[in-house]
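Student: What follows is model19.cif, mmCIF, C-alpha atoms.
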data_start
#
loop_
_atom_site.label_atom_id
_atom_site.label_comp_id
_atom_site.auth_asym_id
_atom_site.auth_seq_id
_atom_site.Cartn_x
_atom_site.Cartn_y
_atom_site.Cartn_z
CA MET F 23 79.25 216.60 51.14
CA ASN F 24 75.96 215.39 52.69
CA SER F 25 75.12 215.54 56.38
CA PHE F 26 76.05 211.91 57.04
CA GLU F 27 79.49 212.35 55.46
CA VAL F 28 80.07 215.25 57.84
CA ILE F 29 79.01 213.07 60.79
CA ASN F 30 81.11 210.12 59.60
CA ASN F 31 84.17 212.33 59.21
CA GLU F 32 83.64 213.42 62.81
CA PHE F 33 83.21 209.94 64.30
CA CYS F 34 84.76 207.46 61.81
CA PHE F 35 82.27 204.65 62.31
CA PHE F 36 83.48 201.07 62.15
CA ASP F 37 80.26 199.86 60.46
CA VAL F 38 79.45 202.84 58.24
CA GLU F 39 76.35 201.41 56.55
CA LYS F 40 74.73 200.34 59.82
CA ALA F 41 75.44 203.72 61.39
CA LYS F 42 74.02 205.50 58.33
CA LYS F 43 70.75 203.54 58.55
CA ARG F 44 70.39 204.18 62.28
CA ILE F 45 71.06 207.91 61.93
CA SER F 46 68.64 208.21 59.01
CA ARG F 47 65.90 206.49 61.01
CA TYR F 48 66.66 208.66 64.04
CA GLN F 49 66.40 211.88 61.98
CA LYS F 50 62.99 210.85 60.66
CA ILE F 51 61.64 210.07 64.12
CA HIS F 52 63.34 212.99 65.93
CA PRO F 53 63.88 215.77 63.33
CA ALA F 54 64.34 218.46 65.99
CA LYS F 55 66.96 216.63 68.07
CA ASP F 56 70.75 216.94 67.80
CA VAL F 57 71.87 214.07 65.57
CA PHE F 58 75.48 214.47 66.68
CA VAL F 59 74.53 213.36 70.22
CA PHE F 60 72.96 210.21 68.75
CA ALA F 61 75.99 209.64 66.54
CA GLN F 62 78.21 209.88 69.57
CA LYS F 63 76.07 207.19 71.25
CA ILE F 64 76.49 204.91 68.20
CA LYS F 65 80.24 205.43 68.23
CA PHE F 66 80.49 204.56 71.93
CA GLU F 67 78.44 201.40 71.36
CA GLU F 68 80.91 200.42 68.64
CA GLN F 69 83.78 201.07 71.05
CA ILE F 70 82.17 198.75 73.58
CA VAL F 71 81.89 195.93 71.04
CA LEU F 72 85.46 196.35 69.76
CA THR F 73 86.95 196.73 73.25
CA ARG F 74 85.05 193.68 74.52
CA ASP F 75 86.51 191.62 71.64
CA GLU F 76 90.00 192.80 72.57
CA LEU F 77 89.54 191.93 76.26
CA ILE F 78 88.08 188.52 75.42
CA ALA F 79 91.06 187.85 73.14
CA GLU F 80 93.38 188.64 76.08
CA LEU F 81 91.48 186.23 78.32
CA HIS F 82 91.78 183.47 75.72
CA LEU F 83 95.58 183.77 76.03
CA LEU F 84 95.41 182.89 79.73
CA ASN F 85 95.52 179.31 80.94
CA ILE F 86 92.23 179.15 82.88
CA ASN F 87 91.67 175.54 83.90
CA SER F 88 88.54 175.99 85.99
CA LYS F 89 85.37 175.91 83.89
CA PHE F 90 83.50 177.84 86.58
CA THR F 91 86.14 180.57 86.79
CA LYS F 92 86.35 180.83 83.01
CA LYS F 93 82.58 181.14 82.70
CA GLU F 94 82.41 183.85 85.39
CA ALA F 95 85.32 185.80 83.89
CA PHE F 96 83.82 185.87 80.41
CA ALA F 97 80.42 186.83 81.83
CA MET F 98 82.06 189.86 83.47
CA ILE F 99 83.69 190.92 80.20
CA ASN F 100 80.34 190.57 78.42
CA ASN F 101 78.84 193.08 80.83
CA ASP F 102 78.52 196.44 79.04
CA LYS F 103 79.07 198.36 82.28
CA PHE F 104 82.42 196.63 82.89
CA VAL F 105 83.63 197.42 79.35
CA SER F 106 82.21 200.95 79.46
CA ASN F 107 84.16 201.69 82.66
CA TYR F 108 87.28 200.26 81.03
CA ILE F 109 86.90 202.64 78.07
CA LYS F 110 86.39 205.54 80.46
CA GLY F 111 89.73 204.80 82.12
CA ASN F 112 89.09 202.16 84.79
CA VAL F 113 91.69 199.75 83.40
CA SER F 114 92.74 198.56 86.86
CA SER F 115 89.59 196.45 87.09
CA PHE F 116 90.63 194.30 84.14
CA SER F 117 94.24 194.17 85.37
CA LYS F 118 93.08 192.84 88.76
CA LEU F 119 90.87 190.27 87.05
CA LYS F 120 93.78 189.05 84.89
CA ASN F 121 96.05 188.86 87.93
CA TYR F 122 93.44 186.77 89.74
CA LEU F 123 92.97 184.45 86.75
CA GLN F 124 96.73 183.93 86.47
CA GLY F 125 96.71 182.26 89.88
CA ASN F 126 97.65 185.18 92.11
CA ARG F 127 94.77 184.46 94.46
CA ILE F 128 94.36 184.97 98.19
CA LEU F 129 92.24 182.87 100.53
CA LYS F 130 93.26 183.06 104.18
CA ILE F 131 91.29 182.20 107.31
CA TYR F 132 92.52 183.11 110.82
CA ASN F 133 91.31 181.96 114.25
CA GLU F 134 91.99 185.05 116.34
CA ASP F 135 90.64 188.35 117.61
CA PHE F 136 90.70 190.79 114.69
CA ARG F 137 91.97 193.52 117.00
CA ASN F 138 95.17 191.53 117.47
CA SER F 139 95.55 190.38 113.88
CA LYS F 140 98.69 191.06 111.88
CA ILE F 141 96.97 192.25 108.70
CA GLU F 142 99.30 194.77 107.05
CA ASN F 143 98.48 198.46 107.17
CA GLU F 144 96.65 199.78 104.07
CA SER F 145 96.53 196.35 102.41
CA ILE F 146 92.75 195.75 102.13
CA ASP F 147 90.45 197.03 99.36
CA LEU F 148 87.19 196.52 101.26
CA ILE F 149 85.88 195.26 104.58
CA VAL F 150 82.47 193.59 104.32
CA THR F 151 81.21 192.27 107.63
CA ASP F 152 78.29 191.53 109.92
CA PRO F 153 79.21 192.15 113.58
CA PRO F 154 76.99 190.83 116.40
CA TYR F 155 73.99 193.10 117.13
CA PRO F 156 73.19 192.58 120.87
CA LYS F 157 73.86 195.55 123.14
CA GLN F 158 76.78 193.93 124.95
CA TYR F 159 78.76 193.88 121.68
CA LEU F 160 78.25 197.51 120.64
CA ASN F 161 81.82 198.57 121.44
CA LEU F 162 83.02 196.16 118.74
CA TYR F 163 81.78 198.68 116.17
CA LYS F 164 84.22 201.28 117.50
CA ASP F 165 87.05 198.74 117.44
CA LEU F 166 86.03 197.80 113.89
CA ALA F 167 86.15 201.41 112.73
CA ILE F 168 89.60 201.97 114.28
CA TYR F 169 90.81 198.72 112.71
CA ALA F 170 89.35 199.62 109.29
CA GLU F 171 91.14 202.95 109.30
CA ARG F 172 94.42 201.07 109.78
CA VAL F 173 94.12 198.20 107.29
CA LEU F 174 92.11 199.79 104.43
CA LYS F 175 93.92 201.21 101.44
CA PRO F 176 93.37 204.93 100.81
CA GLY F 177 89.97 205.18 99.13
CA GLY F 178 88.93 201.79 100.55
CA SER F 179 85.51 201.13 102.04
CA LEU F 180 84.01 199.50 105.11
CA TYR F 181 80.52 197.98 104.77
CA ALA F 182 79.20 196.96 108.19
CA MET F 183 75.76 195.45 108.73
CA ALA F 184 73.94 196.59 111.84
CA GLY F 185 70.69 196.11 113.69
CA GLN F 186 68.32 199.07 113.91
CA SER F 187 67.81 198.91 117.69
CA TYR F 188 71.05 200.72 118.57
CA LEU F 189 71.81 202.47 115.30
CA PRO F 190 72.42 205.97 116.79
CA GLU F 191 74.87 204.52 119.32
CA ILE F 192 76.65 202.49 116.63
CA MET F 193 77.11 205.45 114.30
CA ASN F 194 78.43 207.53 117.19
CA LEU F 195 80.92 204.78 118.09
CA MET F 196 82.11 204.52 114.48
CA SER F 197 83.00 208.21 114.27
CA VAL F 198 86.78 207.87 114.33
CA ASP F 199 89.50 210.01 112.80
CA GLY F 200 90.46 208.97 109.27
CA LEU F 201 87.18 207.19 108.50
CA LYS F 202 84.26 209.05 106.94
CA TYR F 203 80.58 208.07 106.89
CA ASN F 204 79.42 207.92 103.27
CA TRP F 205 75.96 206.31 103.13
CA THR F 206 73.58 203.68 104.50
CA LEU F 207 72.61 200.84 102.17
CA CYS F 208 69.34 198.94 102.56
CA TYR F 209 69.68 195.15 102.73
CA LEU F 210 66.25 193.67 101.95
CA THR F 211 65.28 190.28 103.38
CA PRO F 212 61.85 189.59 101.79
CA GLY F 213 59.50 186.75 102.63
CA GLY F 214 58.89 184.92 105.87
CA GLN F 215 62.38 185.51 107.31
CA SER F 216 61.29 188.67 109.14
CA PRO F 217 62.63 188.87 112.73
CA GLN F 218 60.11 190.01 115.33
CA LEU F 219 61.53 192.61 117.69
CA TRP F 220 59.12 192.37 120.59
CA GLN F 221 60.62 195.20 122.61
CA ARG F 222 60.16 197.58 119.63
CA LYS F 223 56.98 195.94 118.27
CA VAL F 224 58.43 195.68 114.76
CA ASN F 225 58.61 192.99 112.09
CA THR F 226 61.66 194.00 110.10
CA PHE F 227 62.28 193.08 106.47
CA TRP F 228 65.55 194.96 106.01
CA LYS F 229 68.73 195.92 107.80
CA PRO F 230 71.17 198.82 107.39
CA ILE F 231 74.63 198.43 105.89
CA LEU F 232 76.76 201.34 107.10
CA TRP F 233 79.23 202.50 104.46
CA TYR F 234 82.38 204.28 105.61
CA THR F 235 85.34 205.30 103.47
CA LYS F 236 88.98 205.95 104.14
CA GLY F 237 89.32 209.22 102.28
CA THR F 238 87.17 210.28 99.35
CA ASN F 239 84.78 207.81 97.76
CA ASN F 240 84.99 207.58 93.95
CA LYS F 241 82.55 204.70 93.45
CA TRP F 242 78.94 204.97 92.30
CA LEU F 243 76.51 202.26 93.36
CA GLY F 244 72.83 201.61 93.98
CA ASP F 245 71.93 201.57 97.66
CA VAL F 246 69.49 198.62 97.79
CA VAL F 247 70.80 195.06 98.27
CA LYS F 248 68.42 192.11 98.21
CA SER F 249 68.44 188.45 99.18
CA ASP F 250 66.16 185.93 97.51
CA VAL F 251 62.73 185.45 99.07
CA ASN F 252 62.88 183.28 102.19
CA ASP F 253 66.63 182.72 101.72
CA ASN F 254 67.31 182.60 105.44
CA ASP F 255 70.49 180.51 105.63
CA LYS F 256 71.43 179.45 109.18
CA ASP F 257 73.15 176.19 108.23
CA PHE F 258 76.63 177.43 109.13
CA HIS F 259 75.90 180.00 111.86
CA PHE F 260 72.83 181.00 113.87
CA TRP F 261 73.38 184.63 112.78
CA GLY F 262 74.32 183.65 109.21
CA GLN F 263 73.45 185.67 106.11
CA SER F 264 72.01 184.27 102.88
CA ILE F 265 74.42 183.57 100.03
CA SER F 266 72.03 185.28 97.56
CA GLY F 267 72.05 188.54 99.50
CA MET F 268 75.79 188.48 100.07
CA ASN F 269 76.36 187.73 96.37
CA ASP F 270 74.37 190.83 95.49
CA LEU F 271 76.32 192.94 97.98
CA ILE F 272 79.76 191.71 96.89
CA LYS F 273 79.01 192.26 93.19
CA ARG F 274 77.60 195.71 93.92
CA VAL F 275 80.41 197.10 96.09
CA SER F 276 83.57 195.42 94.72
CA GLU F 277 85.42 194.44 91.57
CA PRO F 278 86.94 191.11 90.46
CA GLY F 279 90.34 190.60 92.05
CA ASP F 280 89.69 192.93 95.00
CA LEU F 281 90.97 191.82 98.40
CA ILE F 282 88.04 191.69 100.81
CA LEU F 283 88.30 191.18 104.57
CA ASP F 284 85.61 189.96 106.98
CA PRO F 285 86.81 190.27 110.62
CA PHE F 286 83.58 188.64 111.92
CA LEU F 287 83.65 185.57 109.67
CA GLY F 288 80.90 183.62 111.42
CA GLY F 289 79.56 180.99 109.00
CA GLY F 290 81.75 182.21 106.14
CA THR F 291 79.04 183.51 103.80
CA THR F 292 81.00 186.66 102.89
CA GLY F 293 83.92 184.46 101.90
CA ALA F 294 81.71 182.12 99.87
CA ALA F 295 80.30 185.08 97.92
CA CYS F 296 83.85 186.34 97.29
CA LEU F 297 84.98 182.97 95.95
CA TYR F 298 81.95 182.61 93.67
CA ASN F 299 82.55 186.11 92.28
CA LEU F 300 86.34 185.94 91.75
CA ARG F 301 87.38 188.10 94.69
CA ASN F 302 90.32 187.52 97.04
CA PHE F 303 89.35 186.95 100.65
CA ILE F 304 90.67 187.05 104.21
CA GLY F 305 88.43 185.95 107.08
CA ILE F 306 88.99 186.29 110.82
CA GLU F 307 86.94 184.45 113.43
CA LEU F 308 87.47 184.35 117.20
CA ASP F 309 85.24 181.37 118.01
CA LYS F 310 87.21 178.17 117.37
CA ASP F 311 84.22 176.04 116.33
CA CYS F 312 82.93 178.70 113.90
CA TYR F 313 86.47 179.06 112.55
CA LYS F 314 86.73 175.32 111.85
CA THR F 315 83.29 175.18 110.21
CA SER F 316 83.91 178.21 108.01
CA LYS F 317 87.42 177.20 107.04
CA LYS F 318 86.19 173.77 105.95
CA ARG F 319 83.31 175.34 104.02
CA LEU F 320 85.44 177.91 102.19
CA PHE F 321 88.32 175.63 101.27
CA GLN F 322 85.83 173.06 100.00
CA ILE F 323 84.15 175.70 97.81
CA ASN F 324 87.55 176.84 96.60
CA GLU F 325 88.52 173.27 95.69
CA GLU F 326 85.24 172.76 93.84
CA ILE F 327 85.77 175.98 91.88
CA ILE F 328 89.36 175.10 90.95
CA ASN F 329 88.37 171.62 89.79
CA GLY F 330 84.95 172.59 88.42
#
Would you mind writing the file's structure down as structure tokens?
Tutor:
Amino acid sequence: MNSFEVINNEFCFFDVEKAKKRISRYQKIHPAKDVFVFAQKIKFEEQIVLTRDELIAELHLLNINSKFTKKEAFAMINNDKFVSNYIKGNVSSFSKLKNYLQGNRILKIYNEDFRNSKIENESIDLIVTDPPYPKQYLNLYKDLAIYAERVLKPGGSLYAMAGQSYLPEIMNLMSVDGLKYNWTLCYLTPGGQSPQLWQRKVNTFWKPILWYTKGTNNKWLGDVVKSDVNDNDKDFHFWGQSISGMNDLIKRVSEPGDLILDPFLGGGTTGAACLYNLRNFIGIELDKDCYKTSKKRLFQINEEIING
């Protein structure tokens, strides 16, 4: 029995001839390296291809009428990271995606103070929000942290944007029982959209996103989020965020089918990013005019996606 037969007996390759050629070439280039490690890599790549085909076949059985939704769903399945995580045991991600595609979708917008909202305890996967930064609103961060501890599922996360001017005070206010600081993400805003903070003599091209978890965090992610250059979108709210930056954040921190809450809805950009990326969404906005504008925007996007 030659060395490749030993390796093949260990891994049972799907495409034996292709694997044999790759291993032979690898041995010639790297004679001192462990060929079994490389063979394991080949086998996992085969698993990704076969598993992706199985998941795509399942999606084909679903009645997905929206061309946009269908395109986005298949793009997610064609992502090696998505399939790799599925193989490693994260099957809930695909289950949530299927549930979403089968019409079990949530889009709700409320005109009220989030502190008085009737959102069920431990019903939210993530909170992604951008509270107001001026000093007179700082106590809202404490209220937000208390609220997040109530409505987040165990293991859920809160991602709260913040200005740098009062960051120590904000982090102190957000230190509440049941919610644990995990990390600070960097949200880059490149180009000519830099705010000038005269009192601090700073032109800032980024802002912090404070990441808190309810319980232990089990999610890996990169800590830099970026909007497109000069994508400074104030069409729906004078403190509005860009859709490109929020798209990047939503894709980075959540999975398809997750239920995401924004208790400071503002112009609705968080909700728009959720809709475009197949996430469920609940938005809460106190200001009646902002509520009307955002509700119209989000339900129009939702209608376009359904009929697109």
Student: So that I can see what lies close to Lys314 in chain F, please list as a ChimeraX atom specification the residues with an atom at most 10 Å from it, counting only C-alpha atoms and leaving out residues fewer than 5 positions away in the same chain.
Tutor: /F:131-133,289,307,309,319
Student: Between CA of Asp280 in chain F and CA of Asp147 in chain F, what distance in Å does the model show, to one decimal?
Tutor: 6.0 Å
Student: So which residues get picked by the PyMOL selection byres ((chain F and resi 240) around 12) here, written as a list in words?
Tutor: Asn112, Pro176, Gly177, Gly178, Ser179, Asn204, Thr235, Lys236, Gly237, Thr238, Asn239, Lys241, Trp242, Leu243 and Val275 of chain F
Student: Taking the file as shown, what set of residues would the PyMOL selection byres ((chain F and resi 119) around 12) give back, as a tab-separated table (two decimals) with C-alpha atoms, in the coordinates of the input?
Tutor:
chain	number	residue	atom	x	y	z
F	77	LEU	CA	89.54	191.93	76.26
F	80	GLU	CA	93.38	188.64	76.08
F	81	LEU	CA	91.48	186.23	78.32
F	84	LEU	CA	95.41	182.89	79.73
F	86	ILE	CA	92.23	179.15	82.88
F	91	THR	CA	86.14	180.57	86.79
F	92	LYS	CA	86.35	180.83	83.01
F	94	GLU	CA	82.41	183.85	85.39
F	95	ALA	CA	85.32	185.80	83.89
F	96	PHE	CA	83.82	185.87	80.41
F	98	MET	CA	82.06	189.86	83.47
F	99	ILE	CA	83.69	190.92	80.20
F	104	PHE	CA	82.42	196.63	82.89
F	113	VAL	CA	91.69	199.75	83.40
F	114	SER	CA	92.74	198.56	86.86
F	115	SER	CA	89.59	196.45	87.09
F	116	PHE	CA	90.63	194.30	84.14
F	117	SER	CA	94.24	194.17	85.37
F	118	LYS	CA	93.08	192.84	88.76
F	120	LYS	CA	93.78	189.05	84.89
F	121	ASN	CA	96.05	188.86	87.93
F	122	TYR	CA	93.44	186.77	89.74
F	123	LEU	CA	92.97	184.45	86.75
F	124	GLN	CA	96.73	183.93	86.47
F	125	GLY	CA	96.71	182.26	89.88
F	126	ASN	CA	97.65	185.18	92.11
F	127	ARG	CA	94.77	184.46	94.46
F	276	SER	CA	83.57	195.42	94.72
F	277	GLU	CA	85.42	194.44	91.57
F	278	PRO	CA	86.94	191.11	90.46
F	279	GLY	CA	90.34	190.60	92.05
F	280	ASP	CA	89.69	192.93	95.00
F	281	LEU	CA	90.97	191.82	98.40
F	299	ASN	CA	82.55	186.11	92.28
F	300	LEU	CA	86.34	185.94	91.75
F	301	ARG	CA	87.38	188.10	94.69
F	302	ASN	CA	90.32	187.52	97.04
Student: If you measure from CA of Ala79 in chain F to CA of Lys43 in chain F, what distance in Å do you get, rounded to one decimal?
Tutor: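 The value is 29.5 Å.
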Student: Determine the residue membership of the PyMOL selection byres ((chain F and resi 287) around 10) for the file above and supply it as number ranges by chain.
Tutor: F: 131-133, 150-153, 259, 262, 283-286, 288-293, 304-309, 312-313, 316-317
Student: List as a list in words the protein and nucleic acid residues near Tyr209 in chain F, meaning an atom at most 7 Å away when all atoms listed in the file are counted, but skip any in the same chain fewer than 2 places from it.
Tutor: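 Within the cut-off, the hits are Leu207, Thr211, Trp228, Lys229, Pro230, Ile231, Val246, Val247 and Lys248 of chain F.
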Student: Using only C-alpha atoms, can you tell me which of F:Leu129, F:Ala167, F:Leu174, F:Ile328 comes closest to Tyr203 in chain F?
Tutor: F:Ala167
Student: Have a look at F:Phe35, F:Lys202, F:Met196, F:Ala97 and name the one nearest to Gln62 in chain F; count only C-alpha atoms.
Tutor: F:Phe35
Student: CA of Lys89 in chain F and CA of Ile149 in chain F are how many Å apart?
Tutor: 28.3 Å
Student: Determine the nearest neighbour of Phe90 in chain F from the options F:Met183, F:Pro53, F:Lys140, F:Tyr298, counting all atoms listed in the file.
Tutor: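 Among the listed residues, F:Tyr298 lies closest to Phe90 in chain F.
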Student: Considering all atoms listed in the file, can you say which of F:Ile45, F:Ile70, F:Met268, F:Val28 comes closest to Cys296 in chain F?
Tutor: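 Nearest candidate to Cys296 in chain F out of F:Ile45, F:Ile70, F:Met268, F:Val28: F:Met268.
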Student: Have a look at F:Val173, F:Asp135, F:Lys273, F:Ser264 and name the one nearest to Lys310 in chain F; count all atoms listed in the file.
Tutor: F:Asp135
